Amino acid sequence: MPVSFILAVGVVTLLVLIPATLKLAGFVLGRRRQLCPGCSRKALAMTGGAIAARIDENAQDSATWAEYECDHCNAQFVKPLGTGFMTRQAWISGAKEPIPTAVLIERADK
């Protein structure tokens with residue numbers, strides 16, 4: 001076989017395999033879901049975020065954060081870097097840390 005034929009087949013193979021691999025990786029990573037703090041289902045998908053500091057209209061310094069939305073209950077959450085989830089409404093109103101959730105404690109007199 002001539003060398004030019006082998007090179008042509010190699011180039012065509014690379015031109016097909018590289019985009020296909022990137023497309024598959026994007027699909028797999030895009031389907032990753034986390035547990036929703038609202039409904040406890042694995043339906044929380046990342047919808048956006050920012051990797052920089054900004055100052056919003058309330059003059060609140062904001063570090064890196066990610067935005068999530070649940071596919072099941074449509075709740076919206078924000079997760080600042082280094083903290084847990086908080087509702088989007090709490091984030092917009094200026095909350096810096098996640099709002100604590102209730103914990104069920106068994107009664108001792110039962």
# chains A, B, ... in the order shown; residues from 1 in each chain; ligands from 1
>>> select_by_dssp(residues="segment 2-89 of chain A", states="alpha helix (DSSP H)", output="compact mmCIF listing (two decimals) with N, CA and C atoms, in the first residue's frame")
# COMPACT_ATOMS: atom_id res chain seq x y z
N VAL A 3 2.19 4.92 0.87
CA VAL A 3 2.22 5.69 2.12
C VAL A 3 1.16 6.80 2.10
N SER A 4 0.93 7.40 0.97
CA SER A 4 -0.06 8.48 0.90
C SER A 4 -1.47 7.97 1.20
N PHE A 5 -1.79 6.74 0.81
CA PHE A 5 -3.09 6.15 1.10
C PHE A 5 -3.24 5.92 2.60
N ILE A 6 -2.20 5.41 3.22
CA ILE A 6 -2.23 5.15 4.67
C ILE A 6 -2.38 6.47 5.43
N LEU A 7 -1.67 7.50 5.00
CA LEU A 7 -1.79 8.81 5.65
C LEU A 7 -3.19 9.39 5.47
N ALA A 8 -3.75 9.24 4.29
CA ALA A 8 -5.10 9.75 4.03
C ALA A 8 -6.13 9.06 4.90
N VAL A 9 -6.01 7.73 5.04
CA VAL A 9 -6.94 6.98 5.90
C VAL A 9 -6.76 7.41 7.35
N GLY A 10 -5.54 7.64 7.78
CA GLY A 10 -5.28 8.08 9.15
C GLY A 10 -5.87 9.45 9.43
N VAL A 11 -5.72 10.37 8.49
CA VAL A 11 -6.26 11.72 8.67
C VAL A 11 -7.77 11.69 8.70
N VAL A 12 -8.39 10.94 7.80
CA VAL A 12 -9.86 10.85 7.78
C VAL A 12 -10.36 10.22 9.07
N THR A 13 -9.67 9.18 9.53
CA THR A 13 -10.06 8.53 10.79
C THR A 13 -10.00 9.53 11.94
N LEU A 14 -8.94 10.31 12.02
CA LEU A 14 -8.83 11.31 13.09
C LEU A 14 -9.90 12.38 12.97
N LEU A 15 -10.20 12.80 11.75
CA LEU A 15 -11.22 13.82 11.56
C LEU A 15 -12.61 13.33 11.96
N VAL A 16 -12.82 12.03 11.94
CA VAL A 16 -14.12 11.47 12.34
C VAL A 16 -14.12 11.13 13.82
N LEU A 17 -13.04 10.54 14.32
CA LEU A 17 -13.02 10.07 15.71
C LEU A 17 -12.95 11.20 16.74
N ILE A 18 -12.19 12.23 16.47
CA ILE A 18 -12.04 13.30 17.46
C ILE A 18 -13.37 14.01 17.72
N PRO A 19 -14.09 14.48 16.70
CA PRO A 19 -15.39 15.12 17.00
C PRO A 19 -16.40 14.16 17.63
N ALA A 20 -16.39 12.90 17.20
CA ALA A 20 -17.32 11.92 17.78
C ALA A 20 -17.01 11.70 19.26
N THR A 21 -15.75 11.63 19.61
CA THR A 21 -15.35 11.43 21.00
C THR A 21 -15.74 12.65 21.84
N LEU A 22 -15.51 13.84 21.32
CA LEU A 22 -15.88 15.05 22.05
C LEU A 22 -17.40 15.16 22.23
N LYS A 23 -18.13 14.78 21.21
CA LYS A 23 -19.61 14.81 21.29
C LYS A 23 -20.10 13.83 22.36
N LEU A 24 -19.53 12.62 22.38
CA LEU A 24 -19.92 11.62 23.37
C LEU A 24 -19.57 12.07 24.78
N ALA A 25 -18.39 12.65 24.96
CA ALA A 25 -17.99 13.14 26.28
C ALA A 25 -18.92 14.25 26.75
N GLY A 26 -19.29 15.16 25.87
CA GLY A 26 -20.23 16.22 26.22
C GLY A 26 -21.59 15.69 26.61
N PHE A 27 -22.05 14.67 25.90
CA PHE A 27 -23.34 14.07 26.23
C PHE A 27 -23.31 13.40 27.59
N VAL A 28 -22.25 12.63 27.86
CA VAL A 28 -22.14 11.92 29.14
C VAL A 28 -22.03 12.91 30.29
N LEU A 29 -21.18 13.92 30.16
CA LEU A 29 -21.03 14.89 31.23
C LEU A 29 -22.28 15.75 31.40
N GLY A 30 -23.00 16.00 30.34
CA GLY A 30 -24.22 16.79 30.42
C GLY A 30 -25.35 16.06 31.12
N ARG A 88 -32.33 29.92 45.02
CA ARG A 88 -32.00 31.09 44.19
C ARG A 88 -32.55 32.37 44.80
N GLN A 89 -33.74 32.29 45.42
CA GLN A 89 -34.33 33.47 46.05
C GLN A 89 -33.45 33.96 47.20
>>> select_by_dssp(residues="segment 3-93 of chain A", states="strand (DSSP E or B)", output="PyMOL selection string")
chain A and resi 34-35+42-50+54-55+61-62+65-70+76-80+86-87
>>> atom_distance(atom1="atom CA of Ala95 of chain A", atom2="atom CA of His72 of chain A")
24.9 Å
